[in-house]
file input.cif (mmCIF, C-alpha atoms)
data_model
loop_
_atom_site.label_atom_id
_atom_site.label_comp_id
_atom_site.auth_asym_id
_atom_site.auth_seq_id
_atom_site.Cartn_x
_atom_site.Cartn_y
_atom_site.Cartn_z
CA MET Z 1 -19.43 -23.25 144.21
CA PRO Z 2 -20.85 -19.82 143.24
CA LEU Z 3 -20.67 -19.08 139.53
CA TRP Z 4 -18.54 -15.96 140.07
CA ARG Z 5 -15.84 -18.10 141.66
CA VAL Z 6 -15.91 -20.51 138.73
CA ILE Z 7 -15.59 -17.62 136.27
CA THR Z 8 -12.80 -15.98 138.26
CA GLY Z 9 -10.88 -19.24 138.52
CA LEU Z 10 -11.27 -20.00 134.83
CA GLY Z 11 -10.40 -16.39 134.06
CA VAL Z 12 -7.02 -16.76 135.76
CA THR Z 13 -6.34 -19.94 133.80
CA GLN Z 14 -7.31 -18.20 130.55
CA ILE Z 15 -4.83 -15.38 131.17
CA ILE Z 16 -2.08 -17.91 131.80
CA GLY Z 17 -3.23 -20.31 129.10
CA TRP Z 18 -3.36 -17.77 126.29
CA GLY Z 19 -0.37 -15.79 127.51
CA THR Z 20 2.03 -18.74 127.73
CA THR Z 21 1.01 -20.50 124.51
CA TYR Z 22 -0.76 -18.47 121.80
CA TYR Z 23 0.94 -15.16 122.70
CA MET Z 24 4.26 -16.63 123.83
CA LEU Z 25 6.18 -16.00 120.61
CA GLY Z 26 5.20 -12.34 120.64
CA ALA Z 27 7.59 -11.90 123.56
CA LEU Z 28 10.16 -14.64 122.96
CA SER Z 29 10.55 -15.23 119.20
CA GLN Z 30 13.45 -12.80 118.77
CA ASP Z 31 15.34 -14.22 121.74
CA ILE Z 32 14.75 -17.78 120.51
CA ALA Z 33 16.04 -16.85 117.04
CA ALA Z 34 19.10 -15.04 118.43
CA SER Z 35 19.98 -17.93 120.75
CA THR Z 36 19.46 -20.80 118.34
CA GLY Z 37 20.00 -19.27 114.91
CA TRP Z 38 16.72 -20.76 113.73
CA SER Z 39 14.80 -19.09 110.93
CA LYS Z 40 11.51 -17.32 111.44
CA THR Z 41 10.00 -19.91 109.12
CA LEU Z 42 10.84 -22.64 111.62
CA ILE Z 43 9.90 -20.62 114.69
CA PHE Z 44 6.50 -19.53 113.41
CA GLY Z 45 5.92 -22.57 111.20
CA ALA Z 46 5.81 -24.80 114.27
CA PHE Z 47 3.23 -22.45 115.78
CA SER Z 48 1.14 -22.73 112.62
CA ALA Z 49 1.40 -26.51 112.80
CA ALA Z 50 0.11 -26.35 116.38
CA LEU Z 51 -2.94 -24.37 115.28
CA LEU Z 52 -3.60 -26.83 112.45
CA LEU Z 53 -3.51 -29.67 114.95
CA SER Z 54 -5.90 -27.75 117.21
CA GLY Z 55 -8.30 -27.51 114.32
CA ALA Z 56 -7.96 -31.20 113.52
CA ILE Z 57 -8.87 -32.30 117.05
CA SER Z 58 -11.39 -29.53 117.71
CA ARG Z 59 -14.57 -31.53 117.25
CA ALA Z 60 -13.26 -34.56 119.13
CA ALA Z 61 -12.17 -32.38 122.03
CA GLY Z 62 -15.60 -30.76 122.24
CA ARG Z 63 -17.31 -34.13 122.12
CA THR Z 64 -15.10 -35.34 124.96
CA ILE Z 65 -16.10 -32.39 127.14
CA ASP Z 66 -19.75 -33.20 126.48
CA ARG Z 67 -19.15 -36.80 127.49
CA ILE Z 68 -16.87 -36.56 130.55
CA GLY Z 69 -17.03 -32.90 131.54
CA GLY Z 70 -14.68 -29.92 131.50
CA ARG Z 71 -12.81 -30.73 134.71
CA LYS Z 72 -10.87 -33.69 133.32
CA VAL Z 73 -10.34 -32.19 129.89
CA MET Z 74 -9.11 -28.78 131.07
CA SER Z 75 -6.89 -30.41 133.72
CA LEU Z 76 -5.35 -32.52 130.97
CA GLY Z 77 -4.89 -29.32 128.98
CA SER Z 78 -2.89 -27.82 131.87
CA LEU Z 79 -0.63 -30.88 131.99
CA ALA Z 80 -0.17 -30.83 128.21
CA SER Z 81 0.68 -27.11 128.30
CA ALA Z 82 3.39 -27.72 130.90
CA ALA Z 83 4.73 -30.71 128.95
CA GLY Z 84 4.95 -28.80 125.67
CA LEU Z 85 6.71 -25.82 127.24
CA LEU Z 86 9.18 -28.03 129.09
CA LEU Z 87 9.91 -30.03 125.94
CA ILE Z 88 10.84 -26.88 124.04
CA ALA Z 89 12.91 -25.49 126.93
CA ALA Z 90 14.74 -28.71 127.86
CA VAL Z 91 15.73 -29.87 124.37
CA PRO Z 92 16.24 -26.79 122.16
CA THR Z 93 16.60 -28.57 118.82
CA PRO Z 94 14.35 -28.09 115.77
CA ALA Z 95 12.78 -31.54 116.09
CA PHE Z 96 11.91 -31.14 119.76
CA TYR Z 97 10.83 -27.53 119.20
CA ILE Z 98 8.29 -28.69 116.63
CA ALA Z 99 7.23 -31.59 118.83
CA GLY Z 100 6.75 -29.23 121.77
CA TRP Z 101 4.52 -26.98 119.72
CA LEU Z 102 2.43 -29.93 118.56
CA VAL Z 103 1.85 -30.81 122.21
CA LEU Z 104 0.88 -27.18 122.80
CA GLY Z 105 -1.52 -27.41 119.86
CA VAL Z 106 -3.41 -30.12 121.72
CA ALA Z 107 -3.13 -28.19 124.98
CA MET Z 108 -4.58 -24.97 123.55
CA ARG Z 109 -7.69 -26.78 122.37
CA LEU Z 110 -8.17 -28.51 125.72
CA ALA Z 111 -7.60 -25.55 128.03
CA THR Z 112 -8.56 -22.24 126.36
CA TYR Z 113 -11.80 -20.55 125.33
CA ASP Z 114 -13.69 -23.32 123.54
CA ALA Z 115 -13.16 -25.74 126.40
CA ALA Z 116 -14.01 -23.08 128.99
CA PHE Z 117 -17.15 -22.00 127.09
CA ALA Z 118 -18.37 -25.60 126.89
CA SER Z 119 -17.74 -26.05 130.61
CA LEU Z 120 -19.71 -22.89 131.41
CA ALA Z 121 -22.59 -24.05 129.19
CA HIS Z 122 -22.83 -27.21 131.28
CA ILE Z 123 -22.53 -25.37 134.59
CA ALA Z 124 -24.89 -22.45 133.89
CA PRO Z 125 -26.98 -23.13 130.76
CA LYS Z 126 -29.35 -20.23 131.50
CA ASN Z 127 -26.55 -17.70 132.08
CA THR Z 128 -23.90 -18.91 129.65
CA ARG Z 129 -23.73 -15.77 127.51
CA ARG Z 130 -23.20 -13.50 130.50
CA ALA Z 131 -20.68 -15.92 131.99
CA ILE Z 132 -18.77 -15.96 128.68
CA SER Z 133 -18.74 -12.15 128.61
CA TYR Z 134 -17.17 -12.01 132.06
CA LEU Z 135 -14.68 -14.75 131.23
CA THR Z 136 -13.46 -13.03 128.08
CA LEU Z 137 -12.61 -9.94 130.13
CA PHE Z 138 -9.89 -12.02 131.77
CA GLY Z 139 -8.69 -13.55 128.51
CA GLY Z 140 -8.34 -10.09 126.97
CA LEU Z 141 -5.57 -9.35 129.48
CA ALA Z 142 -3.37 -12.28 128.40
CA SER Z 143 -1.14 -10.41 125.96
CA THR Z 144 -1.12 -7.31 128.17
CA VAL Z 145 0.28 -9.38 131.05
CA PHE Z 146 2.49 -11.91 129.33
CA TRP Z 147 4.16 -9.91 126.57
CA PRO Z 148 5.96 -7.60 129.01
CA LEU Z 149 6.38 -10.37 131.60
CA GLY Z 150 7.84 -12.78 129.06
CA HIS Z 151 10.14 -10.09 127.65
CA TRP Z 152 11.42 -9.18 131.14
CA LEU Z 153 11.95 -12.78 132.23
CA SER Z 154 13.74 -13.67 129.00
CA ALA Z 155 16.04 -10.64 129.21
CA ARG Z 156 16.92 -11.45 132.82
CA TYR Z 157 17.00 -15.26 132.90
CA GLY Z 158 16.83 -16.42 129.27
CA TRP Z 159 13.99 -17.76 127.15
CA GLN Z 160 14.41 -21.37 128.31
CA ALA Z 161 14.08 -20.44 131.98
CA THR Z 162 11.08 -18.32 131.04
CA LEU Z 163 9.35 -21.35 129.49
CA VAL Z 164 10.11 -23.40 132.60
CA ALA Z 165 8.47 -20.67 134.70
CA PHE Z 166 5.47 -20.68 132.36
CA ALA Z 167 5.21 -24.47 132.69
CA ALA Z 168 5.27 -24.12 136.48
CA LEU Z 169 2.28 -21.76 136.28
CA HIS Z 170 0.27 -24.45 134.54
CA ILE Z 171 1.16 -27.06 137.16
CA LEU Z 172 0.96 -24.89 140.28
CA VAL Z 173 -1.88 -22.53 139.32
CA CYS Z 174 -3.99 -23.74 136.38
CA LEU Z 175 -4.15 -27.44 137.24
CA PRO Z 176 -5.38 -26.91 140.83
CA ILE Z 177 -7.90 -24.32 139.66
CA HIS Z 178 -9.36 -26.60 136.98
CA ALA Z 179 -9.53 -29.47 139.46
CA THR Z 180 -11.23 -27.27 142.07
CA VAL Z 181 -13.64 -24.86 140.37
CA LEU Z 182 -14.97 -27.50 137.97
CA ALA Z 183 -15.33 -30.19 140.63
CA GLY Z 184 -18.91 -31.49 140.52
CA HIS Z 185 -19.67 -29.28 137.52
CA GLY Z 186 -19.64 -29.67 133.79
CA GLU Z 187 -20.53 -33.35 133.85
CA PRO Z 188 -23.00 -34.75 131.29
CA GLU Z 189 -25.69 -35.14 133.96
CA ALA Z 190 -25.46 -31.44 134.80
CA ALA Z 191 -25.76 -30.53 131.16
CA ASP Z 192 -28.80 -32.73 130.65
CA ALA Z 193 -30.49 -31.40 133.77
CA GLY Z 194 -29.96 -27.81 132.69
CA GLN Z 195 -31.09 -28.35 129.13
CA GLN Z 196 -34.31 -26.55 128.38
CA PRO Z 197 -36.93 -28.29 126.24
CA ALA Z 198 -36.13 -27.62 122.62
CA THR Z 199 -38.70 -25.87 120.49
CA ALA Z 200 -38.83 -25.42 116.73
CA MET Z 201 -38.37 -21.67 117.09
CA ARG Z 202 -35.46 -21.72 119.49
CA TYR Z 203 -33.35 -24.79 118.81
CA LEU Z 204 -32.76 -25.75 115.20
CA GLU Z 205 -32.73 -29.31 113.94
CA GLY Z 206 -32.15 -31.16 110.68
CA PRO Z 207 -31.30 -29.28 107.45
CA GLU Z 208 -32.09 -25.92 109.06
CA ARG Z 209 -29.52 -26.63 111.76
CA ARG Z 210 -26.88 -27.69 109.23
CA THR Z 211 -27.44 -24.58 107.14
CA ALA Z 212 -27.18 -22.32 110.19
CA MET Z 213 -23.99 -24.05 111.32
CA ALA Z 214 -22.45 -23.69 107.85
CA LEU Z 215 -23.28 -19.98 107.69
CA PHE Z 216 -21.87 -19.29 111.14
CA ALA Z 217 -18.77 -21.40 110.46
CA VAL Z 218 -18.11 -19.31 107.32
CA ALA Z 219 -18.61 -16.09 109.27
CA ILE Z 220 -16.19 -17.18 112.00
CA ALA Z 221 -13.58 -18.58 109.62
CA LEU Z 222 -13.38 -15.53 107.34
CA ASN Z 223 -13.44 -13.15 110.28
CA GLY Z 224 -10.66 -15.16 111.96
CA LEU Z 225 -8.65 -15.16 108.74
CA VAL Z 226 -8.61 -11.36 108.71
CA PHE Z 227 -7.85 -11.00 112.42
CA ALA Z 228 -5.04 -13.56 112.35
CA ALA Z 229 -3.49 -12.01 109.25
CA ILE Z 230 -3.52 -8.44 110.51
CA SER Z 231 -2.69 -9.20 114.14
CA ALA Z 232 0.44 -11.13 113.18
CA HIS Z 233 1.76 -8.17 111.20
CA VAL Z 234 0.08 -5.20 112.88
CA VAL Z 235 3.16 -3.09 113.79
CA PRO Z 236 5.07 -3.73 110.51
CA LEU Z 237 1.81 -3.10 108.66
CA PHE Z 238 1.42 0.36 110.17
CA GLN Z 239 5.06 1.08 109.39
CA ALA Z 240 4.60 0.00 105.77
CA LEU Z 241 1.76 2.53 105.54
CA GLY Z 242 4.23 5.31 106.40
CA PHE Z 243 4.02 5.61 110.19
CA ASN Z 244 7.18 5.63 112.29
CA GLY Z 245 7.87 2.94 114.86
CA SER Z 246 6.51 4.77 117.89
CA ALA Z 247 3.29 5.73 116.09
CA ALA Z 248 2.83 2.15 114.86
CA VAL Z 249 3.22 0.78 118.39
CA THR Z 250 0.82 3.42 119.74
CA PHE Z 251 -1.88 2.51 117.23
CA ALA Z 252 -1.40 -1.19 117.94
CA ALA Z 253 -1.62 -0.54 121.69
CA LEU Z 254 -5.13 0.88 121.25
CA ILE Z 255 -6.48 -2.50 120.13
CA GLY Z 256 -6.28 -4.22 123.51
CA PRO Z 257 -8.14 -1.60 125.59
CA SER Z 258 -10.90 -1.25 122.95
CA GLN Z 259 -11.29 -5.03 122.96
CA VAL Z 260 -11.80 -5.06 126.74
CA ALA Z 261 -14.08 -2.00 126.56
CA SER Z 262 -16.37 -3.69 124.04
CA ARG Z 263 -16.69 -6.72 126.33
CA LEU Z 264 -17.58 -4.45 129.23
CA GLY Z 265 -20.20 -2.88 126.99
CA ASP Z 266 -21.70 -6.30 126.32
CA ILE Z 267 -21.87 -6.98 130.05
CA PHE Z 268 -23.78 -3.76 130.70
CA MET Z 269 -25.95 -3.86 127.55
CA GLY Z 270 -26.12 -7.58 126.84
CA ARG Z 271 -29.62 -8.07 128.23
CA ARG Z 272 -30.97 -5.57 125.70
CA ILE Z 273 -29.25 -7.15 122.69
CA THR Z 274 -30.14 -10.54 121.22
CA ALA Z 275 -27.45 -12.98 120.19
CA MET Z 276 -28.15 -12.28 116.50
CA GLN Z 277 -27.83 -8.53 117.05
CA LEU Z 278 -24.58 -9.08 118.92
CA GLY Z 279 -23.28 -11.14 116.01
CA LEU Z 280 -24.18 -8.47 113.46
CA ILE Z 281 -22.44 -5.77 115.49
CA ALA Z 282 -19.39 -7.92 116.20
CA PHE Z 283 -18.79 -9.09 112.63
CA GLY Z 284 -19.91 -5.80 111.07
CA LEU Z 285 -17.37 -3.70 112.95
CA LEU Z 286 -14.45 -5.37 111.16
CA PRO Z 287 -15.27 -4.31 107.56
CA LEU Z 288 -16.30 -0.92 108.96
CA ALA Z 289 -12.88 -0.53 110.56
CA LEU Z 290 -11.09 -1.42 107.33
CA ALA Z 291 -13.37 0.77 105.20
CA VAL Z 292 -12.85 3.81 107.44
CA PHE Z 293 -9.09 3.27 107.32
CA ALA Z 294 -9.12 3.10 103.50
CA ILE Z 295 -11.57 5.97 102.96
CA GLY Z 296 -9.53 8.07 105.39
CA GLY Z 297 -6.49 7.63 103.18
CA PHE Z 298 -4.66 5.55 105.80
CA SER Z 299 -4.04 8.72 107.76
CA ALA Z 300 -3.21 8.95 111.47
CA GLY Z 301 -6.78 9.85 112.40
CA ALA Z 302 -8.16 6.97 110.34
CA ALA Z 303 -5.60 4.65 111.95
CA VAL Z 304 -6.92 5.51 115.41
CA VAL Z 305 -10.52 4.77 114.36
CA PHE Z 306 -9.38 1.57 112.68
CA ALA Z 307 -7.55 0.34 115.79
CA LEU Z 308 -10.53 1.11 118.03
CA PHE Z 309 -13.15 -0.55 115.78
CA TYR Z 310 -10.81 -3.47 115.08
CA GLY Z 311 -10.32 -4.11 118.78
CA MET Z 312 -14.04 -3.75 119.52
CA SER Z 313 -14.89 -6.26 116.81
CA ASN Z 314 -12.38 -8.79 118.08
CA GLY Z 315 -13.67 -8.40 121.62
CA LEU Z 316 -17.30 -8.96 120.66
CA VAL Z 317 -16.69 -11.74 118.14
CA THR Z 318 -15.19 -13.87 120.91
CA ILE Z 319 -18.46 -13.56 122.85
CA ALA Z 320 -20.62 -14.05 119.75
CA LYS Z 321 -18.81 -17.30 118.92
CA GLY Z 322 -20.14 -18.70 122.18
CA ALA Z 323 -23.51 -16.93 122.37
CA VAL Z 324 -24.90 -17.37 118.85
CA PRO Z 325 -24.61 -21.21 118.75
CA LEU Z 326 -26.10 -21.43 122.22
CA SER Z 327 -29.13 -19.38 121.18
CA LEU Z 328 -29.66 -21.36 117.98
CA PHE Z 329 -28.91 -24.90 119.09
CA GLY Z 330 -29.11 -24.99 122.90
CA SER Z 331 -26.59 -26.41 125.36
CA LYS Z 332 -26.99 -30.10 124.51
CA GLY Z 333 -23.83 -31.25 122.71
CA TYR Z 334 -22.48 -27.70 123.01
CA GLY Z 335 -18.82 -28.75 123.24
CA GLU Z 336 -18.89 -30.81 120.05
CA MET Z 337 -20.85 -28.06 118.30
CA LEU Z 338 -18.24 -25.43 119.21
CA GLY Z 339 -15.51 -27.79 118.08
CA THR Z 340 -17.18 -28.27 114.71
CA LEU Z 341 -17.67 -24.53 114.21
CA SER Z 342 -14.13 -23.67 115.32
CA ALA Z 343 -12.24 -26.19 113.19
CA PRO Z 344 -12.22 -24.18 109.90
CA ASN Z 345 -11.37 -21.03 111.87
CA LEU Z 346 -8.35 -22.66 113.51
CA VAL Z 347 -7.07 -23.93 110.17
CA LEU Z 348 -7.33 -20.50 108.55
CA ASN Z 349 -5.77 -18.90 111.64
CA ALA Z 350 -2.75 -21.13 111.09
CA LEU Z 351 -2.42 -20.20 107.41
CA ALA Z 352 -3.34 -16.51 107.60
CA PRO Z 353 -0.02 -15.00 108.79
CA THR Z 354 1.94 -16.73 106.02
CA LEU Z 355 -0.62 -15.91 103.33
CA PHE Z 356 -0.71 -12.26 104.41
CA ALA Z 357 3.10 -12.09 104.44
CA ILE Z 358 3.14 -13.30 100.82
CA LEU Z 359 0.48 -10.73 99.96
CA LEU Z 360 2.52 -7.95 101.57
CA ASP Z 361 5.62 -9.02 99.63
CA ARG Z 362 3.81 -8.97 96.29
CA THR Z 363 1.58 -5.93 96.78
CA SER Z 364 1.44 -2.80 98.90
CA ALA Z 365 0.20 -2.66 102.49
CA ALA Z 366 -2.85 -0.72 101.33
CA ALA Z 367 -3.71 -3.33 98.69
CA ALA Z 368 -3.26 -6.12 101.23
CA LEU Z 369 -5.69 -4.42 103.62
CA LEU Z 370 -8.25 -3.96 100.85
CA THR Z 371 -7.99 -7.70 100.15
CA THR Z 372 -8.80 -8.45 103.78
CA LEU Z 373 -11.73 -6.04 103.51
CA ALA Z 374 -13.29 -8.35 100.92
CA ALA Z 375 -13.02 -11.32 103.31
CA ALA Z 376 -14.44 -9.23 106.17
CA VAL Z 377 -17.43 -8.22 104.04
CA LEU Z 378 -18.14 -11.84 103.11
CA SER Z 379 -17.94 -12.80 106.79
CA THR Z 380 -20.47 -10.11 107.69
CA LEU Z 381 -22.77 -11.13 104.85
CA ALA Z 382 -22.82 -14.73 106.14
CA MET Z 383 -23.75 -13.44 109.59
CA ALA Z 384 -26.40 -11.15 108.09
CA VAL Z 385 -28.02 -14.04 106.20
CA LEU Z 386 -28.04 -16.09 109.39
CA ALA Z 387 -29.59 -13.22 111.36
CA ARG Z 388 -32.24 -12.63 108.71
CA ARG Z 389 -33.25 -16.30 108.79
CA HIS Z 390 -33.53 -16.29 112.58
CA THR Z 391 -34.49 -12.76 113.58
CA SER Z 392 -36.28 -13.78 116.77
CA VAL Z 393 -33.19 -15.33 118.38
#
call {"tool": "encode", "arguments": {"input": "input.cif", "output": "structure tokens"}}
result
Amino acid sequence: MPLWRVITGLGVTQIIGWGTTYYMLGALSQDIAASTGWSKTLIFGAFSAALLLSGAISRAAGRTIDRIGGRKVMSLGSLASAAGLLLIAAVPTPAFYIAGWLVLGVAMRLATYDAAFASLAHIAPKNTRRAISYLTLFGGLASTVFWPLGHWLSARYGWQATLVAFAALHILVCLPIHATVLAGHGEPEAADAGQQPATAMRYLEGPERRTAMALFAVAIALNGLVFAAISAHVVPLFQALGFNGSAAVTFAALIGPSQVASRLGDIFMGRRITAMQLGLIAFGLLPLALAVFAIGGFSAGAAVVFALFYGMSNGLVTIAKGAVPLSLFGSKGYGEMLGTLSAPNLVLNALAPTLFAILLDRTSAAAALLTTLAAAVLSTLAMAVLARRHTSV
């Protein structure tokens, strides 16, 4: 099957996968709370537990993809997604709600970006970075599609029926796509055949490899901490800085298009930029966005620049998370490697919204943003050290 068909098929499953799991509460949390009377702590705490579980199984999931291929793992992820959504919809009690989210925590790790990236590395080891860039264009549309769709379906049919419809998408759309586009691809034999001979300059081994993995894991984790914290509170955060509701929504709406635009830029310019350079740009844009916002006095003009740079950084970091490890370590054992690198990031992603909420309660919005700036700077410094050590990659 041509690579573009594989990417397109996986792209559709990424839109559905992210939109119906990770972004689901953005559209349905208020309706769930109004219907059940549950607290936000319960509603979002279960989501955090799901992300923690994703982090706990991350390495094992990646290792499984390396061993048996992406087709079986991502198909299982589709089934688990449907099961988790149906569990929440069919038995709307706190215990089953939490259990449903734990199932979704497993599903997200088996069927979203990390699993798809590992599958692409096995299918097209020489073109993985470009394939990842194209795939993330699809994933960037998940919230754009499913926030309004979920809101409309919930208002018309109720949140439980909406989750049933989401589950049906996994069974009727994602599962057949995973079974079809990954058929005969992503198996260990394909990965071994596509693996280029490792050289000391290109693929790191031993202590040098461990140091590079630690630096990149720190960069990803701290960057993800900031993104998860701000993204979970982005509209209230703008409002706390003095903007009215419509202005806050407008600024937040700029993030998505700038994220997609940055990924398009990587597609057109990617051949001229090394993986290390991409990483420096991707991670460096986040502290730049926060610094411009602060130096600009948190004004409307500075808010626009912040939203644009913030979205661009998020768009490029997703690509860098797949491209940098591939350039440093090669495609052999790529799934397990991504799982190892992603685990700390997933854990911090789970904790970040709650930690940032506490920070907002105890300080001002401006002070909270300056705190995230410190984490963003440390993330960029880790990436800069890595790039300096491996400038030729």
call {"tool": "resolve_selection", "arguments": {"input": "input.cif", "expression": "the PyMOL selection byres ((chain Z and resi 319) around 12)", "output": "ChimeraX atom specification"}}
result
/Z:113-114,117,128-137,139-140,220,259-260,262-267,270,275-276,278-279,281-283,312-318,320-326
call {"tool": "closest_residue", "arguments": {"input": "input.cif", "among": "Z:Val181, Z:Met337, Z:Leu355, Z:Ala155", "to": "Ala60 in chain Z", "atoms": "only C-alpha atoms"}}
result
Z:Met337
call {"tool": "closest_residue", "arguments": {"input": "input.cif", "among": "Z:Gly26, Z:Gly284, Z:Val73, Z:Ser35", "to": "Pro148 in chain Z", "atoms": "all atoms listed in the file"}}
result
Z:Gly26
call {"tool": "residues_around", "arguments": {"input": "input.cif", "residues": "range 221-238 of chain Z", "least_positions_apart": "6", "cutoff": "7 Å", "atoms": "all atoms listed in the file", "output": "count of residues only"}}
result
15
call {"tool": "closest_residue", "arguments": {"input": "input.cif", "among": "Z:Leu373, Z:Ala300, Z:Ala240, Z:Ile98", "to": "Leu285 in chain Z", "atoms": "all atoms listed in the file"}}
result
Z:Leu373
call {"tool": "decode", "arguments": {"input": "input.cif", "residues": "range 61-74 of chain Z", "atoms": "C-alpha atoms", "output": "PDB file, in the first residue's frame"}}
result
ATOM      1  CA  ALA Z  61       3.382  -0.593  24.831  1.00  0.00           C
ATOM      2  CA  GLY Z  62       6.261   0.623  22.682  1.00  0.00           C
ATOM      3  CA  ARG Z  63       8.152  -2.610  23.192  1.00  0.00           C
ATOM      4  CA  THR Z  64       5.072  -4.562  22.120  1.00  0.00           C
ATOM      5  CA  ILE Z  65       4.829  -2.594  18.878  1.00  0.00           C
ATOM      6  CA  ASP Z  66       8.480  -3.369  18.179  1.00  0.00           C
ATOM      7  CA  ARG Z  67       7.821  -7.057  18.780  1.00  0.00           C
ATOM      8  CA  ILE Z  68       4.462  -7.714  17.061  1.00  0.00           C
ATOM      9  CA  GLY Z  69       3.893  -4.615  14.936  1.00  0.00           C
ATOM     10  CA  GLY Z  70       1.521  -1.656  14.957  1.00  0.00           C
ATOM     11  CA  ARG Z  71      -1.432  -3.368  13.300  1.00  0.00           C
ATOM     12  CA  LYS Z  72      -2.364  -5.557  16.268  1.00  0.00           C
ATOM     13  CA  VAL Z  73      -1.552  -2.946  18.891  1.00  0.00           C
ATOM     14  CA  MET Z  74      -3.440  -0.069  17.270  1.00  0.00           C
TER      15      MET Z  74
END
